[in-house]
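Shown next: protein.cif, containing mmCIF, C-alpha atoms.
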data_structure
#
loop_
_atom_site.group_PDB
_atom_site.id
_atom_site.type_symbol
_atom_site.label_atom_id
_atom_site.label_comp_id
_atom_site.auth_asym_id
_atom_site.auth_seq_id
_atom_site.Cartn_x
_atom_site.Cartn_y
_atom_site.Cartn_z
ATOM 1 C CA MET F 1 -93.214 -123.576 117.087
ATOM 2 C CA ARG F 2 -94.387 -121.929 113.904
ATOM 3 C CA CYS F 3 -95.744 -118.987 115.856
ATOM 4 C CA LEU F 4 -92.401 -118.521 117.556
ATOM 5 C CA ARG F 5 -90.583 -118.379 114.232
ATOM 6 C CA LEU F 6 -93.026 -115.809 112.899
ATOM 7 C CA ALA F 7 -92.541 -113.649 115.971
ATOM 8 C CA VAL F 8 -88.754 -113.731 115.599
ATOM 9 C CA ALA F 9 -89.004 -112.839 111.945
ATOM 10 C CA LEU F 10 -91.262 -109.908 112.648
ATOM 11 C CA LEU F 11 -88.924 -108.696 115.383
ATOM 12 C CA LEU F 12 -85.958 -108.816 113.030
ATOM 13 C CA LEU F 13 -87.861 -106.946 110.338
ATOM 14 C CA VAL F 14 -88.588 -104.112 112.744
ATOM 15 C CA ALA F 15 -85.317 -104.034 114.677
ATOM 16 C CA LEU F 16 -82.861 -104.115 111.773
ATOM 17 C CA PRO F 17 -84.100 -100.935 110.029
ATOM 18 C CA LEU F 18 -84.170 -99.091 113.329
ATOM 19 C CA ALA F 19 -80.597 -100.149 114.112
ATOM 20 C CA ALA F 20 -79.403 -99.100 110.664
ATOM 21 C CA ALA F 21 -81.044 -95.691 110.988
ATOM 22 C CA ALA F 22 -79.502 -95.172 114.400
ATOM 23 C CA GLY F 23 -76.049 -96.059 113.085
ATOM 24 C CA ALA F 24 -76.359 -93.683 110.143
ATOM 25 C CA LYS F 25 -77.483 -90.889 112.423
ATOM 26 C CA ALA F 26 -74.512 -91.447 114.741
ATOM 27 C CA LYS F 27 -72.053 -91.325 111.822
ATOM 28 C CA ALA F 28 -73.459 -88.098 110.293
ATOM 29 C CA PRO F 29 -71.011 -85.176 110.844
ATOM 30 C CA ALA F 30 -72.117 -82.322 113.013
ATOM 31 C CA ALA F 31 -73.121 -79.152 111.223
ATOM 32 C CA PRO F 32 -70.378 -76.486 111.327
ATOM 33 C CA PRO F 33 -71.006 -73.456 113.508
ATOM 34 C CA ASN F 34 -72.764 -70.529 111.887
ATOM 35 C CA ALA F 35 -70.165 -67.808 111.279
ATOM 36 C CA THR F 36 -72.652 -65.020 110.495
ATOM 37 C CA VAL F 37 -74.495 -65.604 113.774
ATOM 38 C CA ALA F 38 -71.204 -65.295 115.669
ATOM 39 C CA MET F 39 -70.436 -62.070 113.778
ATOM 40 C CA ALA F 40 -73.784 -60.487 114.604
ATOM 41 C CA LYS F 41 -73.408 -61.327 118.295
ATOM 42 C CA GLY F 42 -69.813 -60.073 118.469
ATOM 43 C CA GLY F 43 -70.110 -56.527 117.129
ATOM 44 C CA CYS F 44 -69.972 -57.294 113.379
ATOM 45 C CA LYS F 45 -73.715 -57.165 112.718
ATOM 46 C CA ALA F 46 -73.358 -54.810 109.737
ATOM 47 C CA PHE F 47 -70.809 -57.070 108.025
ATOM 48 C CA ALA F 48 -72.991 -60.159 108.632
ATOM 49 C CA ALA F 49 -75.931 -58.317 107.057
ATOM 50 C CA LEU F 50 -73.857 -57.506 103.958
ATOM 51 C CA ILE F 51 -72.975 -61.210 103.554
ATOM 52 C CA ALA F 52 -76.621 -62.211 103.889
ATOM 53 C CA ALA F 53 -77.584 -59.633 101.238
ATOM 54 C CA SER F 54 -75.087 -61.079 98.703
ATOM 55 C CA PRO F 55 -76.195 -64.508 97.402
ATOM 56 C CA ASP F 56 -72.736 -65.314 96.013
ATOM 57 C CA ALA F 57 -70.970 -64.399 99.245
ATOM 58 C CA ALA F 58 -73.510 -66.200 101.470
ATOM 59 C CA SER F 59 -73.363 -69.462 99.511
ATOM 60 C CA THR F 60 -69.542 -69.420 99.429
ATOM 61 C CA TYR F 61 -69.336 -68.843 103.182
ATOM 62 C CA ASP F 62 -71.736 -71.738 103.851
ATOM 63 C CA ALA F 63 -69.817 -74.110 101.573
ATOM 64 C CA ALA F 64 -66.401 -73.177 102.997
ATOM 65 C CA ALA F 65 -67.438 -73.599 106.630
ATOM 66 C CA SER F 66 -67.523 -77.408 106.490
ATOM 67 C CA GLY F 67 -63.988 -77.618 105.067
ATOM 68 C CA GLY F 68 -62.393 -75.104 107.436
ATOM 69 C CA MET F 69 -62.581 -71.311 107.403
ATOM 70 C CA THR F 70 -61.230 -68.281 109.259
ATOM 71 C CA VAL F 71 -63.165 -65.003 109.013
ATOM 72 C CA PHE F 72 -61.949 -61.486 109.800
ATOM 73 C CA CYS F 73 -65.071 -59.366 110.278
ATOM 74 C CA PRO F 74 -64.805 -55.549 110.468
ATOM 75 C CA SER F 75 -66.547 -53.838 113.357
ATOM 76 C CA ASP F 76 -69.797 -51.967 112.819
ATOM 77 C CA ASP F 77 -67.977 -48.624 113.060
ATOM 78 C CA ALA F 78 -65.467 -49.671 110.403
ATOM 79 C CA VAL F 79 -68.239 -50.804 108.037
ATOM 80 C CA ALA F 80 -70.215 -47.590 108.582
ATOM 81 C CA SER F 81 -67.259 -45.405 107.595
ATOM 82 C CA PHE F 82 -66.574 -47.569 104.530
ATOM 83 C CA MET F 83 -70.164 -47.749 103.202
ATOM 84 C CA PRO F 84 -69.860 -44.816 100.722
ATOM 85 C CA ARG F 85 -67.114 -46.685 98.873
ATOM 86 C CA TYR F 86 -68.870 -50.041 99.200
ATOM 87 C CA LYS F 87 -72.038 -48.693 97.537
ATOM 88 C CA ASN F 88 -70.032 -47.686 94.450
ATOM 89 C CA LEU F 89 -68.979 -51.303 93.787
ATOM 90 C CA THR F 90 -70.785 -53.624 91.407
ATOM 91 C CA ALA F 91 -72.591 -56.712 92.723
ATOM 92 C CA ASP F 92 -69.601 -58.861 91.775
ATOM 93 C CA GLY F 93 -67.218 -56.370 93.400
ATOM 94 C CA LYS F 94 -69.255 -56.392 96.622
ATOM 95 C CA ALA F 95 -69.207 -60.202 96.748
ATOM 96 C CA SER F 96 -65.446 -60.259 96.119
ATOM 97 C CA LEU F 97 -64.802 -57.747 98.903
ATOM 98 C CA LEU F 98 -66.894 -59.786 101.374
ATOM 99 C CA LEU F 99 -65.093 -63.007 100.412
ATOM 100 C CA PHE F 100 -61.757 -61.170 100.728
ATOM 101 C CA HIS F 101 -62.280 -61.186 104.526
ATOM 102 C CA ALA F 102 -62.066 -64.977 104.911
ATOM 103 C CA VAL F 103 -59.419 -67.633 104.238
ATOM 104 C CA PRO F 104 -60.226 -71.295 103.445
ATOM 105 C CA VAL F 105 -58.241 -72.602 106.432
ATOM 106 C CA TYR F 106 -59.169 -72.908 110.094
ATOM 107 C CA TYR F 107 -56.734 -70.952 112.301
ATOM 108 C CA SER F 108 -57.089 -71.172 116.052
ATOM 109 C CA PRO F 109 -55.805 -68.148 118.019
ATOM 110 C CA GLY F 110 -52.535 -69.950 118.677
ATOM 111 C CA SER F 111 -51.961 -70.977 115.063
ATOM 112 C CA LEU F 112 -52.957 -67.526 113.836
ATOM 113 C CA LYS F 113 -50.218 -65.920 115.934
ATOM 114 C CA ALA F 114 -47.705 -68.443 114.598
ATOM 115 C CA ASN F 115 -48.249 -67.490 110.937
ATOM 116 C CA ASN F 116 -46.705 -64.705 108.869
ATOM 117 C CA GLY F 117 -46.877 -64.012 105.163
ATOM 118 C CA VAL F 118 -49.228 -63.852 102.194
ATOM 119 C CA MET F 119 -52.585 -65.665 102.453
ATOM 120 C CA ASN F 120 -55.145 -66.639 99.843
ATOM 121 C CA THR F 121 -58.777 -65.765 100.532
ATOM 122 C CA LEU F 122 -62.202 -67.058 99.509
ATOM 123 C CA ALA F 123 -62.080 -64.474 96.702
ATOM 124 C CA THR F 124 -58.862 -65.950 95.236
ATOM 125 C CA ASP F 125 -59.440 -67.642 91.897
ATOM 126 C CA GLY F 126 -56.147 -68.602 90.291
ATOM 127 C CA SER F 127 -53.814 -66.030 88.785
ATOM 128 C CA ALA F 128 -56.648 -63.958 87.311
ATOM 129 C CA ARG F 129 -58.027 -63.062 90.750
ATOM 130 C CA ASN F 130 -55.278 -62.918 93.335
ATOM 131 C CA TYR F 131 -57.114 -61.222 96.223
ATOM 132 C CA ASN F 132 -54.305 -61.892 98.694
ATOM 133 C CA PHE F 133 -53.374 -60.079 101.875
ATOM 134 C CA THR F 134 -50.362 -60.201 104.188
ATOM 135 C CA LEU F 135 -50.675 -61.433 107.771
ATOM 136 C CA GLN F 136 -48.049 -60.233 110.251
ATOM 137 C CA ASN F 137 -47.426 -60.925 113.926
ATOM 138 C CA GLU F 138 -45.547 -58.702 116.345
ATOM 139 C CA GLY F 139 -45.726 -60.160 119.809
ATOM 140 C CA ASN F 140 -49.414 -60.579 120.655
ATOM 141 C CA VAL F 141 -50.549 -58.147 117.943
ATOM 142 C CA VAL F 142 -51.873 -59.674 114.701
ATOM 143 C CA THR F 143 -52.178 -57.305 111.740
ATOM 144 C CA ILE F 144 -53.430 -57.624 108.168
ATOM 145 C CA LYS F 145 -52.117 -55.418 105.357
ATOM 146 C CA THR F 146 -53.380 -55.069 101.797
ATOM 147 C CA GLY F 147 -51.826 -53.339 98.825
ATOM 148 C CA ALA F 148 -54.638 -50.766 98.552
ATOM 149 C CA SER F 149 -54.644 -49.670 102.182
ATOM 150 C CA GLY F 150 -51.955 -47.506 103.705
ATOM 151 C CA ALA F 151 -52.872 -48.513 107.277
ATOM 152 C CA VAL F 152 -52.965 -52.043 108.672
ATOM 153 C CA ALA F 153 -56.000 -53.715 110.234
ATOM 154 C CA ARG F 154 -55.607 -55.174 113.727
ATOM 155 C CA VAL F 155 -57.277 -58.209 115.216
ATOM 156 C CA ARG F 156 -59.182 -56.967 118.260
ATOM 157 C CA SER F 157 -60.912 -60.054 119.652
ATOM 158 C CA THR F 158 -61.932 -63.679 119.030
ATOM 159 C CA LEU F 159 -65.656 -64.095 118.341
ATOM 160 C CA LEU F 160 -65.697 -67.814 117.518
ATOM 161 C CA ASP F 161 -63.159 -70.622 117.832
ATOM 162 C CA THR F 162 -64.875 -73.922 117.138
ATOM 163 C CA ASP F 163 -63.095 -76.228 114.720
ATOM 164 C CA PRO F 164 -63.510 -75.960 111.723
ATOM 165 C CA VAL F 165 -64.534 -72.260 111.915
ATOM 166 C CA ALA F 166 -62.859 -69.281 113.587
ATOM 167 C CA VAL F 167 -64.085 -65.670 113.527
ATOM 168 C CA TYR F 168 -61.978 -62.659 114.580
ATOM 169 C CA ALA F 169 -63.063 -59.025 114.864
ATOM 170 C CA VAL F 170 -60.850 -56.428 113.126
ATOM 171 C CA ASP F 171 -60.887 -52.617 113.191
ATOM 172 C CA ARG F 172 -60.768 -51.943 109.431
ATOM 173 C CA VAL F 173 -62.327 -53.064 106.176
ATOM 174 C CA PHE F 174 -59.832 -54.882 103.938
ATOM 175 C CA GLN F 175 -59.340 -53.172 100.560
ATOM 176 C CA PRO F 176 -58.008 -55.416 97.758
ATOM 177 C CA VAL F 177 -55.917 -53.894 94.968
ATOM 178 C CA GLU F 178 -58.171 -55.665 92.473
ATOM 179 C CA LEU F 179 -60.945 -53.205 93.415
ATOM 180 C CA PHE F 180 -59.110 -50.125 94.671
ATOM 181 C CA LYS F 181 -56.024 -48.164 93.668
ATOM 182 C CA PRO F 182 -52.749 -49.213 95.295
ATOM 183 C CA ALA F 183 -51.673 -47.170 98.267
ATOM 184 C CA PRO F 184 -48.939 -44.626 97.423
ATOM 185 C CA SER F 185 -45.427 -45.503 98.498
ATOM 186 C CA PRO F 186 -44.073 -43.396 101.354
ATOM 187 C CA THR F 187 -41.892 -40.504 100.188
ATOM 188 C CA PRO F 188 -38.357 -40.797 101.592
ATOM 189 C CA ALA F 189 -37.289 -37.932 103.826
ATOM 190 C CA PRO F 190 -34.716 -35.574 102.250
ATOM 191 C CA ALA F 191 -31.140 -36.026 103.374
ATOM 192 C CA PRO F 192 -30.029 -33.416 105.932
ATOM 193 C CA ALA F 193 -27.789 -30.654 104.623
ATOM 194 C CA PRO F 194 -24.122 -30.935 105.697
ATOM 195 C CA ALA F 195 -23.302 -28.756 108.684
ATOM 196 C CA ALA F 196 -20.971 -25.829 108.036
ATOM 197 C CA ASP F 197 -17.557 -25.935 109.713
ATOM 198 C CA ALA F 198 -17.537 -23.780 112.834
ATOM 199 C CA PRO F 199 -14.797 -21.081 112.962
ATOM 200 C CA LYS F 200 -11.886 -21.956 115.199
ATOM 201 C CA ALA F 201 -11.600 -20.039 118.446
ATOM 202 C CA GLY F 202 -8.548 -17.842 119.102
ATOM 203 C CA LYS F 203 -6.498 -17.655 122.271
ATOM 204 C CA GLY F 204 -9.022 -15.454 123.999
ATOM 205 C CA GLY F 205 -11.855 -17.895 123.247
ATOM 206 C CA ALA F 206 -13.554 -15.677 120.660
ATOM 207 C CA ALA F 207 -13.811 -16.831 117.104
ATOM 208 C CA ARG F 208 -11.014 -15.444 114.983
ATOM 209 C CA HIS F 209 -12.108 -14.065 111.646
ATOM 210 C CA ARG F 210 -9.466 -13.634 109.029
ATOM 211 C CA SER F 211 -9.868 -10.920 106.473
ATOM 212 C CA PRO F 212 -9.335 -11.994 102.933
ATOM 213 C CA PRO F 213 -5.856 -11.130 101.642
ATOM 214 C CA ALA F 214 -5.663 -7.803 99.848
ATOM 215 C CA VAL F 215 -5.197 -8.068 96.152
ATOM 216 C CA ALA F 216 -2.442 -5.814 94.803
ATOM 217 C CA ASP F 217 -3.350 -3.576 91.946
ATOM 218 C CA ALA F 218 -2.027 -4.732 88.673
ATOM 219 C CA PRO F 219 1.029 -2.653 87.650
ATOM 220 C CA GLY F 220 0.187 -0.059 85.054
ATOM 221 C CA PRO F 221 2.436 0.922 82.183
ATOM 222 C CA GLU F 222 5.623 2.648 83.340
ATOM 223 C CA ALA F 223 5.931 6.377 82.491
ATOM 224 C CA ASP F 224 8.356 6.984 79.620
ATOM 225 C CA ASP F 225 9.990 10.432 79.921
ATOM 226 C CA THR F 226 12.239 9.869 76.916
ATOM 227 C CA ALA F 227 11.183 11.338 73.661
ATOM 228 C CA PRO F 228 10.041 9.179 70.825
ATOM 229 C CA ALA F 229 12.597 7.856 68.415
ATOM 230 C CA ASP F 230 11.567 10.263 65.621
ATOM 231 C CA GLN F 231 12.072 13.259 67.906
ATOM 232 C CA LYS F 232 15.515 11.941 68.923
ATOM 233 C CA LYS F 233 16.588 11.801 65.272
ATOM 234 C CA ASP F 234 15.400 15.394 64.591
ATOM 235 C CA SER F 235 17.221 16.661 67.665
ATOM 236 C CA LYS F 236 20.451 15.077 66.523
ATOM 237 C CA LYS F 237 20.097 16.623 63.066
ATOM 238 C CA SER F 238 19.437 20.063 64.551
ATOM 239 C CA ALA F 239 22.418 19.777 66.839
ATOM 240 C CA ALA F 240 24.621 18.710 63.970
ATOM 241 C CA ALA F 241 23.375 21.545 61.816
ATOM 242 C CA GLY F 242 23.966 24.221 64.506
ATOM 243 C CA ALA F 243 27.433 23.083 65.531
ATOM 244 C CA PRO F 244 29.415 25.020 62.763
ATOM 245 C CA GLY F 245 27.630 28.276 63.605
ATOM 246 C CA VAL F 246 28.620 28.021 67.202
ATOM 247 C CA ARG F 247 32.274 27.425 66.309
ATOM 248 C CA TRP F 248 32.314 30.487 63.977
ATOM 249 C CA LEU F 249 30.853 32.723 66.647
ATOM 250 C CA ALA F 250 33.496 31.628 69.127
ATOM 251 C CA ALA F 251 36.286 32.344 66.685
ATOM 252 C CA ALA F 252 34.981 35.896 66.035
ATOM 253 C CA LEU F 253 34.803 36.661 69.750
ATOM 254 C CA ALA F 254 38.370 35.446 70.195
ATOM 255 C CA ALA F 255 39.599 37.732 67.381
ATOM 256 C CA VAL F 256 37.880 40.785 68.931
ATOM 257 C CA ALA F 257 39.512 40.005 72.271
ATOM 258 C CA VAL F 258 43.022 39.809 70.644
ATOM 259 C CA ALA F 259 42.524 43.122 68.833
ATOM 260 C CA SER F 260 41.507 44.850 72.037
ATOM 261 C CA THR F 261 44.646 43.617 73.770
ATOM 262 C CA LEU F 262 46.980 44.892 71.065
ATOM 263 C CA ALA F 263 45.417 48.293 71.056
#

Whole structure, structure tokens version:
Amino acid sequence: MRCLRLAVALLLLVALPLAAAAGAKAKAPAAPPNATVAMAKGGCKAFAALIAASPDAASTYDAAASGGMTVFCPSDDAVASFMPRYKNLTADGKASLLLFHAVPVYYSPGSLKANNGVMNTLATDGSARNYNFTLQNEGNVVTIKTGASGAVARVRSTLLDTDPVAVYAVDRVFQPVELFKPAPSPTPAPAPAPAADAPKAGKGGAARHRSPPAVADAPGPEADDTAPADQKKDSKKSAAAGAPGVRWLAAALAAVAVASTLA
């Protein structure tokens, strides 16, 4: 009887720890999918390499994956064309740009197409570091626009969709205004000039052109044939002075005519 009790006790001592370990292992959450591996396999190998080369970006991506994350990885061609500008950034600027391509929320393809508006990113840190972009949907086309980029980036394909991580390939590198100058506003087109009124057609169908009315010459000063007032006064005086002489001469002629008759 004593041997039986010892055997049961030994069995319990061995079985209980094994059962506890098995239960703990069953309850442990599964590791989230590796986003950088999905990027490298889906045409975003250059972007995945940049994340791996930035300790701050790599650690933030790993920590965010377990809580839910959506990544927009630029294609290798997009990264290659952007590398000259990327190399000019500081280490902190490079990490911020890499984190700017992910949001701390898991969006399946269906939920991504149902969202529109401003989104925070892994680079967002309160009001001091906004690092936001605008997501827009037009039919089946999903676009992302930033304040420092004149053109929008388009989602081209889904590389990973395993809750809590989704990875989408895009055709452009996102440029945050915190690192690059804002894109210039489009210049409005000048208003068209008003069209001139067409001349009205005459009876024969041809356009009738009216000559401008002739302007009459301004009347000049009228000619004054009369003598000035001073000359009129002198003429009157001369006439008055010569009048007695004329009467005397007439009287003399009359006397001569009478004498001739009598003779």

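Note that CA of Tyr61 (chain F) and CA of Asn88 (chain F) are 22.9 Å apart.
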
Residue nearest Val152 (chain F) - candidates F:Val173, F:Ala40, F:Ala102, F:Ala64, atoms counted: all atoms listed in the file: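 The shortest atom-to-atom distance to Val152 (chain F) comes from F:Val173.
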
Evaluate the PyMOL selection byres ((chain F and resi 105-110) around 8) and report residues as a VMD selection string: chain F and resid 67 to 70 103 to 104 111 to 114 158 161 163 to 166

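CA of Leu97 (chain F) to CA of Ala30 (chain F) spans 29.3 Å [interatomic distance, one decimal].
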
Given the PyMOL selection byres ((chain F and resi 150) around 10), the residues it picks as a PyMOL selection string: chain F and resi 145-149+151-153+175+182-186

Picked residues, the PyMOL selection byres ((chain F and resi 117) around 10), as a list of chain:residue names: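 Expected selection for the PyMOL selection byres ((chain F and resi 117) around 10) here is F:Asn115, F:Asn116, F:Val118, F:Met119, F:Phe133, F:Thr134, F:Leu135, F:Gln136, F:Asn137, F:Ile144.
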
Nearest to Ala48 (chain F) by atom-to-atom distance, counting only C-alpha atoms, from F:Ala169, F:Arg154, F:Ser81, F:Leu179: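 Of F:Ala169, F:Arg154, F:Ser81, F:Leu179, the one nearest Ala48 (chain F) is F:Ala169, counting only C-alpha atoms.
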
Residue among F:Pro33, F:Asn130, F:Asp125, F:Pro176 lying closest to Leu98 (chain F), counting all atoms listed in the file: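 Closest to Leu98 (chain F), using all atoms listed in the file: F:Pro176.
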
Counting only C-alpha atoms, the residue of F:Pro55, F:Gly93, F:Gly43, F:Gly139 that sits nearest Cys73 (chain F):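 Of F:Pro55, F:Gly93, F:Gly43, F:Gly139, the one nearest Cys73 (chain F), counting only C-alpha atoms, is F:Gly43.
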
Among listed residues F:Phe100, F:Val79, F:Ala65, F:Pro84, nearest Ala31 (chain F) (using only C-alpha atoms):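 Closest candidate: F:Ala65.
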
Pick from F:Ala123, F:Leu50, F:Val71, F:Val170 nearest to Arg156 (chain F), counting only C-alpha atoms: F:Val170

CA of Val155 (chain F) to CA of Val141 (chain F), straight-line distance in Å: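 Going from CA of Val141 (chain F) over to CA of Val155 (chain F), I get 7.3 Å.
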
Fewer than 6 positions away in the same chain doesn't count, so skip those; otherwise give me all residues within 10 Å of Ala78 (chain F), counting all atoms listed in the file, as a compact mmCIF listing (two decimals) with C-alpha atoms, in the frame of the given file.
# COMPACT_ATOMS: atom_id res chain seq x y z
CA CYS F 44 -69.97 -57.29 113.38
CA ALA F 46 -73.36 -54.81 109.74
CA PHE F 47 -70.81 -57.07 108.02
CA VAL F 170 -60.85 -56.43 113.13
CA ASP F 171 -60.89 -52.62 113.19
CA ARG F 172 -60.77 -51.94 109.43
CA VAL F 173 -62.33 -53.06 106.18
